[in-house]
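Enquirer: So I've got this file, work_2.pdb, and it contains PDB, C-alpha atoms, pLDDT in the B column:
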```
MODEL        1
ATOM      1  CA  LEU A   1      49.564 106.833  80.221  1.00 50.00           C
ATOM      2  CA  TRP A   2      52.891 106.616  78.398  1.00 59.00           C
ATOM      3  CA  ASP A   3      55.899 105.168  80.210  1.00 60.00           C
ATOM      4  CA  ALA A   4      59.128 104.433  78.322  1.00 64.00           C
ATOM      5  CA  ARG A   5      60.940 102.956  81.302  1.00 58.00           C
ATOM      6  CA  GLU A   6      62.087  99.342  81.276  1.00 65.00           C
ATOM      7  CA  PRO A   7      59.970  96.884  83.334  1.00 64.00           C
ATOM      8  CA  ASP A   8      62.644  96.627  86.044  1.00 61.00           C
ATOM      9  CA  GLN A   9      62.731 100.418  86.352  1.00 62.00           C
ATOM     10  CA  ARG A  10      58.940 100.554  86.690  1.00 60.00           C
ATOM     11  CA  ALA A  11      59.154  97.866  89.385  1.00 60.00           C
ATOM     12  CA  LEU A  12      61.300 100.153  91.533  1.00 63.00           C
ATOM     13  CA  GLY A  13      58.632 102.833  91.605  1.00 63.00           C
ATOM     14  CA  PRO A  14      55.553 102.986  93.803  1.00 64.00           C
ATOM     15  CA  GLY A  15      52.997 100.227  93.435  1.00 75.00           C
ATOM     16  CA  PRO A  16      50.805  97.943  95.549  1.00 84.00           C
ATOM     17  CA  GLN A  17      53.642  95.622  96.661  1.00 88.00           C
ATOM     18  CA  VAL A  18      55.873  98.551  97.650  1.00 89.00           C
ATOM     19  CA  ALA A  19      52.995 100.176  99.543  1.00 90.00           C
ATOM     20  CA  GLU A  20      52.326  96.868 101.323  1.00 93.00           C
ATOM     21  CA  LEU A  21      55.959  96.554 102.463  1.00 94.00           C
ATOM     22  CA  ARG A  22      56.005 100.142 103.693  1.00 93.00           C
ATOM     23  CA  ARG A  23      52.763  99.510 105.621  1.00 93.00           C
ATOM     24  CA  LEU A  24      54.356  96.458 107.241  1.00 92.00           C
ATOM     25  CA  LEU A  25      57.272  98.622 108.409  1.00 93.00           C
ATOM     26  CA  GLN A  26      55.093 101.498 109.564  1.00 90.00           C
ATOM     27  CA  GLY A  27      55.500 102.239 113.248  1.00 86.00           C
ATOM     28  CA  THR A  28      58.928 100.580 113.420  1.00 87.00           C
ATOM     29  CA  PRO A  29      61.512 103.312 112.819  1.00 88.00           C
ATOM     30  CA  GLY A  30      65.031 102.745 111.559  1.00 90.00           C
ATOM     31  CA  GLU A  31      67.011 101.084 108.841  1.00 92.00           C
ATOM     32  CA  VAL A  32      66.301  97.690 107.287  1.00 93.00           C
ATOM     33  CA  PHE A  33      68.738  94.783 107.167  1.00 93.00           C
ATOM     34  CA  TRP A  34      68.086  93.077 103.806  1.00 91.00           C
ATOM     35  CA  ALA A  35      70.033  89.795 103.660  1.00 88.00           C
ATOM     36  CA  GLY A  36      71.755  89.514 100.289  1.00 81.00           C
ATOM     37  CA  GLY A  37      70.372  92.839  99.109  1.00 82.00           C
ATOM     38  CA  ASP A  38      71.842  96.225  98.405  1.00 80.00           C
ATOM     39  CA  ILE A  39      69.356  98.564  96.719  1.00 83.00           C
ATOM     40  CA  GLU A  40      66.124  96.902  97.864  1.00 88.00           C
ATOM     41  CA  PRO A  41      65.873  98.722 101.210  1.00 90.00           C
ATOM     42  CA  TRP A  42      66.074 102.092  99.463  1.00 88.00           C
ATOM     43  CA  PHE A  43      63.788 101.402  96.536  1.00 88.00           C
ATOM     44  CA  TRP A  44      61.221  99.050  98.020  1.00 90.00           C
ATOM     45  CA  ALA A  45      61.193  99.764 101.756  1.00 92.00           C
ATOM     46  CA  GLY A  46      61.968 103.465 101.432  1.00 91.00           C
ATOM     47  CA  ARG A  47      64.566 103.037 104.187  1.00 92.00           C
ATOM     48  CA  PRO A  48      68.341 103.105 104.422  1.00 91.00           C
ATOM     49  CA  ALA A  49      70.168  99.780 104.642  1.00 90.00           C
ATOM     50  CA  PHE A  50      71.409  98.794 108.108  1.00 91.00           C
ATOM     51  CA  ALA A  51      74.501  97.328 106.456  1.00 86.00           C
ATOM     52  CA  SER A  52      75.181  96.391 102.861  1.00 80.00           C
ATOM     53  CA  LEU A  53      78.173  95.487 100.752  1.00 73.00           C
ATOM     54  CA  LEU A  54      77.702  98.695  98.756  1.00 71.00           C
ATOM     55  CA  GLN A  55      78.566 100.571 101.934  1.00 69.00           C
ATOM     56  CA  LYS A  56      81.941  98.906 102.390  1.00 65.00           C
ATOM     57  CA  GLY A  57      83.750 100.860  99.673  1.00 64.00           C
ATOM     58  CA  PRO A  58      86.554 102.745 101.433  1.00 59.00           C
ATOM     59  CA  ALA A  59      86.199 105.797  99.187  1.00 61.00           C
ATOM     60  CA  LEU A  60      82.643 106.275 100.463  1.00 63.00           C
ATOM     61  CA  PHE A  61      83.485 106.537 104.147  1.00 68.00           C
ATOM     62  CA  SER A  62      84.938 108.798 106.687  1.00 80.00           C
ATOM     63  CA  ARG A  63      86.724 106.923 109.460  1.00 83.00           C
ATOM     64  CA  PRO A  64      83.756 107.251 111.893  1.00 85.00           C
ATOM     65  CA  LEU A  65      81.347 105.864 109.284  1.00 83.00           C
ATOM     66  CA  ALA A  66      83.724 103.016 108.431  1.00 82.00           C
ATOM     67  CA  LEU A  67      83.937 102.101 112.122  1.00 85.00           C
ATOM     68  CA  GLU A  68      80.131 102.206 112.436  1.00 86.00           C
ATOM     69  CA  TRP A  69      79.783  99.934 109.379  1.00 85.00           C
ATOM     70  CA  LYS A  70      82.300  97.491 110.894  1.00 86.00           C
ATOM     71  CA  SER A  71      80.416  97.523 114.200  1.00 89.00           C
ATOM     72  CA  ARG A  72      77.170  96.717 112.394  1.00 89.00           C
ATOM     73  CA  VAL A  73      78.773  93.969 110.325  1.00 88.00           C
ATOM     74  CA  ASP A  74      80.324  92.478 113.485  1.00 89.00           C
ATOM     75  CA  ALA A  75      76.840  92.382 115.055  1.00 88.00           C
ATOM     76  CA  LEU A  76      75.448  90.658 111.953  1.00 89.00           C
ATOM     77  CA  LEU A  77      78.285  88.117 111.966  1.00 88.00           C
ATOM     78  CA  ALA A  78      77.794  87.410 115.683  1.00 87.00           C
ATOM     79  CA  ALA A  79      74.074  86.796 115.151  1.00 86.00           C
ATOM     80  CA  GLY A  80      74.714  84.531 112.156  1.00 85.00           C
ATOM     81  CA  LEU A  81      72.892  86.884 109.788  1.00 87.00           C
ATOM     82  CA  LEU A  82      76.025  87.381 107.726  1.00 84.00           C
ATOM     83  CA  ARG A  83      78.894  85.008 106.952  1.00 79.00           C
ATOM     84  CA  PRO A  84      82.576  85.931 106.563  1.00 78.00           C
ATOM     85  CA  ALA A  85      82.427  84.761 102.929  1.00 71.00           C
ATOM     86  CA  ASP A  86      79.698  87.345 102.283  1.00 72.00           C
ATOM     87  CA  LEU A  87      82.264  90.105 102.865  1.00 73.00           C
ATOM     88  CA  ARG A  88      85.084  88.913 100.632  1.00 66.00           C
ATOM     89  CA  GLY A  89      84.064  90.102  97.189  1.00 59.00           C
ATOM     90  CA  TRP A  90      84.240  87.690  94.270  1.00 54.00           C
ATOM     91  CA  ASP A  91      86.774  85.152  95.464  1.00 54.00           C
ATOM     92  CA  ARG A  92      86.066  81.442  95.168  1.00 49.00           C
ATOM     93  CA  ASP A  93      84.440  81.135  98.596  1.00 51.00           C
ATOM     94  CA  ALA A  94      82.283  84.241  98.398  1.00 48.00           C
ATOM     95  CA  HIS A  95      78.590  84.613  97.664  1.00 48.00           C
ATOM     96  CA  GLN A  96      77.529  81.077  98.313  1.00 53.00           C
ATOM     97  CA  PRO A  97      74.049  80.337  96.953  1.00 50.00           C
ATOM     98  CA  GLU A  98      72.712  79.195 100.312  1.00 61.00           C
ATOM     99  CA  ASP A  99      70.708  81.729 102.249  1.00 69.00           C
ATOM    100  CA  VAL A 100      71.498  82.639 105.788  1.00 76.00           C
ATOM    101  CA  VAL A 101      69.113  80.493 107.817  1.00 83.00           C
ATOM    102  CA  LEU A 102      67.465  82.480 110.576  1.00 90.00           C
ATOM    103  CA  SER A 103      66.884  81.139 114.064  1.00 92.00           C
ATOM    104  CA  ALA A 104      64.743  82.506 116.888  1.00 93.00           C
ATOM    105  CA  GLY A 105      67.898  83.034 118.952  1.00 92.00           C
ATOM    106  CA  ALA A 106      69.609  85.025 116.203  1.00 90.00           C
ATOM    107  CA  VAL A 107      66.548  87.219 115.663  1.00 92.00           C
ATOM    108  CA  THR A 108      66.144  87.834 119.403  1.00 91.00           C
ATOM    109  CA  ALA A 109      69.837  88.621 119.879  1.00 87.00           C
ATOM    110  CA  PHE A 110      70.041  90.924 116.895  1.00 87.00           C
ATOM    111  CA  CYS A 111      66.720  92.702 117.310  1.00 88.00           C
ATOM    112  CA  GLY A 112      66.986  93.024 121.094  1.00 82.00           C
ATOM    113  CA  ASP A 113      69.397  95.954 120.978  1.00 75.00           C
ATOM    114  CA  ALA A 114      67.828  99.418 120.578  1.00 71.00           C
ATOM    115  CA  ARG A 115      70.182 100.405 117.726  1.00 75.00           C
ATOM    116  CA  ARG A 116      69.179  97.429 115.600  1.00 80.00           C
ATOM    117  CA  PRO A 117      67.166  97.958 112.414  1.00 88.00           C
ATOM    118  CA  ALA A 118      63.435  98.213 111.970  1.00 92.00           C
ATOM    119  CA  ALA A 119      63.317  94.825 110.277  1.00 94.00           C
ATOM    120  CA  ILE A 120      65.215  91.860 108.929  1.00 94.00           C
ATOM    121  CA  VAL A 121      64.297  90.863 105.371  1.00 94.00           C
ATOM    122  CA  THR A 122      65.493  87.544 103.950  1.00 92.00           C
ATOM    123  CA  PRO A 123      64.795  85.679 100.721  1.00 91.00           C
ATOM    124  CA  GLY A 124      62.294  82.834 100.984  1.00 90.00           C
ATOM    125  CA  ASP A 125      59.902  81.838 103.726  1.00 95.00           C
ATOM    126  CA  GLN A 126      61.634  81.977 107.097  1.00 94.00           C
ATOM    127  CA  ARG A 127      58.640  83.092 109.170  1.00 95.00           C
ATOM    128  CA  ALA A 128      59.083  80.095 111.477  1.00 94.00           C
ATOM    129  CA  ALA A 129      62.307  81.680 112.796  1.00 93.00           C
ATOM    130  CA  ALA A 130      60.471  84.687 114.225  1.00 93.00           C
ATOM    131  CA  PRO A 131      60.296  84.436 118.018  1.00 92.00           C
ATOM    132  CA  GLU A 132      56.956  85.007 119.713  1.00 89.00           C
ATOM    133  CA  GLY A 133      56.163  88.707 119.741  1.00 88.00           C
ATOM    134  CA  TYR A 134      58.213  89.551 116.639  1.00 91.00           C
ATOM    135  CA  PRO A 135      55.767  89.967 113.729  1.00 91.00           C
ATOM    136  CA  ALA A 136      56.779  88.109 110.567  1.00 94.00           C
ATOM    137  CA  ARG A 137      55.134  88.271 107.157  1.00 94.00           C
ATOM    138  CA  LEU A 138      55.825  86.816 103.746  1.00 96.00           C
ATOM    139  CA  TRP A 139      56.057  89.592 101.147  1.00 96.00           C
ATOM    140  CA  THR A 140      56.130  89.320  97.346  1.00 93.00           C
ATOM    141  CA  SER A 141      58.321  91.833  95.532  1.00 90.00           C
ATOM    142  CA  PRO A 142      57.042  93.874  92.578  1.00 86.00           C
ATOM    143  CA  ALA A 143      59.845  92.440  90.414  1.00 80.00           C
ATOM    144  CA  PRO A 144      62.369  89.629  90.763  1.00 80.00           C
ATOM    145  CA  SER A 145      65.403  90.533  92.837  1.00 80.00           C
ATOM    146  CA  GLY A 146      68.503  89.149  91.153  1.00 78.00           C
ATOM    147  CA  ARG A 147      71.974  88.687  92.528  1.00 75.00           C
ATOM    148  CA  LEU A 148      75.086  87.127  91.120  1.00 72.00           C
ATOM    149  CA  THR A 149      76.241  84.037  93.012  1.00 71.00           C
ATOM    150  CA  LEU A 150      79.156  81.688  92.615  1.00 67.00           C
ATOM    151  CA  VAL A 151      78.081  78.030  92.303  1.00 70.00           C
ATOM    152  CA  ASP A 152      80.678  75.320  91.658  1.00 75.00           C
ATOM    153  CA  GLY A 153      83.128  77.914  90.363  1.00 73.00           C
ATOM    154  CA  ARG A 154      80.631  79.440  87.922  1.00 76.00           C
ATOM    155  CA  PHE A 155      78.682  82.650  88.203  1.00 77.00           C
ATOM    156  CA  ARG A 156      74.907  82.233  88.231  1.00 77.00           C
ATOM    157  CA  TRP A 157      71.970  84.564  88.719  1.00 81.00           C
ATOM    158  CA  ARG A 158      69.866  83.911  91.778  1.00 78.00           C
ATOM    159  CA  VAL A 159      66.354  85.342  91.484  1.00 83.00           C
ATOM    160  CA  ASP A 160      63.952  85.828  94.397  1.00 87.00           C
ATOM    161  CA  THR A 161      60.410  87.197  94.550  1.00 88.00           C
ATOM    162  CA  ALA A 162      59.280  86.047  98.018  1.00 93.00           C
ATOM    163  CA  PHE A 163      60.820  87.534 101.163  1.00 95.00           C
ATOM    164  CA  THR A 164      60.299  87.139 104.888  1.00 96.00           C
ATOM    165  CA  VAL A 165      59.939  90.414 106.778  1.00 96.00           C
ATOM    166  CA  ILE A 166      60.548  90.150 110.535  1.00 95.00           C
ATOM    167  CA  LEU A 167      59.950  93.331 112.497  1.00 94.00           C
ATOM    168  CA  CYS A 168      62.567  94.075 115.144  1.00 91.00           C
ATOM    169  CA  ARG A 169      59.961  95.175 117.597  1.00 75.00           C
ATOM    170  CA  PRO A 170      60.717  93.642 121.000  1.00 56.00           C
ATOM    171  CA  PRO A 171      57.833  91.837 122.678  1.00 50.00           C
ATOM    172  CA  ALA A 172      55.619  94.190 124.689  1.00 53.00           C
TER
ENDMDL
END
```
As structure tokens, what does this structure read like?
Expert:
Amino acid sequence: LWDAREPDQRALGPGPQVAELRRLLQGTPGEVFWAGGDIEPWFWAGRPAFASLLQKGPALFSRPLALEWKSRVDALLAAGLLRPADLRGWDRDAHQPEDVVLSAGAVTAFCGDARRPAAIVTPGDQRAAAPEGYPARLWTSPAPSGRLTLVDGRFRWRVDTAFTVILCRPPA
């Protein structure tokens, strides 16, 4: 009955939205690629991140893990799910406010390989990019997901609550 945690801390715990996301992912094993996210796969999906910027810190990796991260990032870049500017830290070209725009070809190419993640999650409604046979749902987060972006040389918070979840389940 008594909970002294901050609202954002309570939002990371179990609740109906988290349970809904985990139900959506049920039956599709593997990591989750969360475009523009870092902690969301762990806290909301209950899954490891396929690739995130938190994972790129050289002190965190052994050489084999660093090479695996690079291989995953190269696959994301090739599919257009990540941009070179997304990898550069806080320089003037990094973290553009525009979302990666999904296409059916990118989803098919990225999800078609067996080592790809369970799902792609992107901010906003991009369900139309899901090719036939790849389930896509719009999901509302239990709390706003904020990220720092650079807009016209100034840092701004970008806040999202609606996300597209596309399952990387090849057509049967």
Enquirer: Apply the PyMOL selection byres ((chain A and resi 24-29) around 8) to the structure shown and report the selected residues as a ChimeraX atom specification.
Expert: /A:20-23,30-31,45,117-119,167-169
Enquirer: Report, in Å with one decimal, the straight-line distance from atom CA of A:Ser62 to atom CA of A:Ala109.
Expert: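 A separation of 28.4 Å between them.
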Enquirer: I'd like the neighbourhood of A:Leu102 as a PyMOL selection string, where a residue qualifies if any of its atoms comes within 8 Å (using all atoms listed in the file), though same-chain residues fewer than 4 positions away should be ignored.
Expert: chain A and resi 80-81+106-107+126+129
Enquirer: Can you write just those residues out, C-alpha atoms, as a CSV table (one decimal), keeping the file's coordinate frame?
Expert:
```
chain,number,residue,atom,x,y,z
A,80,GLY,CA,74.7,84.5,112.2
A,81,LEU,CA,72.9,86.9,109.8
A,106,ALA,CA,69.6,85.0,116.2
A,107,VAL,CA,66.5,87.2,115.7
A,126,GLN,CA,61.6,82.0,107.1
A,129,ALA,CA,62.3,81.7,112.8
```
Enquirer: Taking into account only C-alpha atoms, which residue in the set A:Leu76, A:Val100, A:Val151, A:Ala130 is nearest to A:Phe50?
Expert: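 Using only C-alpha atoms, the shortest distance to A:Phe50 belongs to A:Leu76.
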Enquirer: State, in Å with one decimal place, the distance from atom CA of A:Glu132 to atom CA of A:Ser103.
Expert: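 These two atoms are separated by 12.1 Å.
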Enquirer: Mind checking which residues fall within 8 Å of A:Ala35, counting only C-alpha atoms, ignoring those fewer than 6 positions away in the same chain, and posting them as a ChimeraX atom specification?
Expert: /A:81-82,100,120-123
Enquirer: Counting only C-alpha atoms, which residues come within 12 Å of (64.4, 102.0, 100.1), with the point read in the file's coordinates, and could you list them as a ChimeraX atom specification?
Expert: /A:12-14,18-19,21-22,25,30-34,37-50
Enquirer: Looking at only C-alpha atoms, which of A:Val159, A:Ala51, A:Leu87, A:Cys111 is the one that sits closest to A:Gly146?
Expert: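 With only C-alpha atoms as the atom set, the closest residue is A:Val159.
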Enquirer: Rank nothing, just name the residue among A:Arg116, A:Arg83, A:Arg154, A:Arg137 nearest to A:Gly36, using only C-alpha atoms.
Expert: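 The closest residue to A:Gly36 is A:Arg83.
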Enquirer: At what distance in Å, to one decimal, does atom CA of A:Ser141 lie from atom CA of A:Gln17?
Expert: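 Going from atom CA of A:Gln17 over to atom CA of A:Ser141 covers 6.1 Å.
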Enquirer: Might I get the box with edges along x, y and z of the file that holds all atoms of stretch 61-71 of chain A listed there, padded by 8 Å on every side, given as centre and edge lengths in Å to one decimal, as lines of an AutoDock Vina configuration file?
Expert:
```
center_x = 83.3
center_y = 103.1
center_z = 109.2
size_x = 22.9
size_y = 27.3
size_z = 26.1
```
Enquirer: From the set A:Leu67, A:Ala162, A:Leu54, A:Ala75, which residue has the shortest atom-to-atom contact distance to A:Arg115, counting all atoms listed in the file?
Expert: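 Closest candidate: A:Ala75.
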Enquirer: So, counting all atoms listed in the file, which residue among A:Pro131, A:Gly105, A:Pro144, A:Pro64 is closest to A:Ile166?
Expert: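 Smallest separation from A:Ile166 among the options: A:Pro131.
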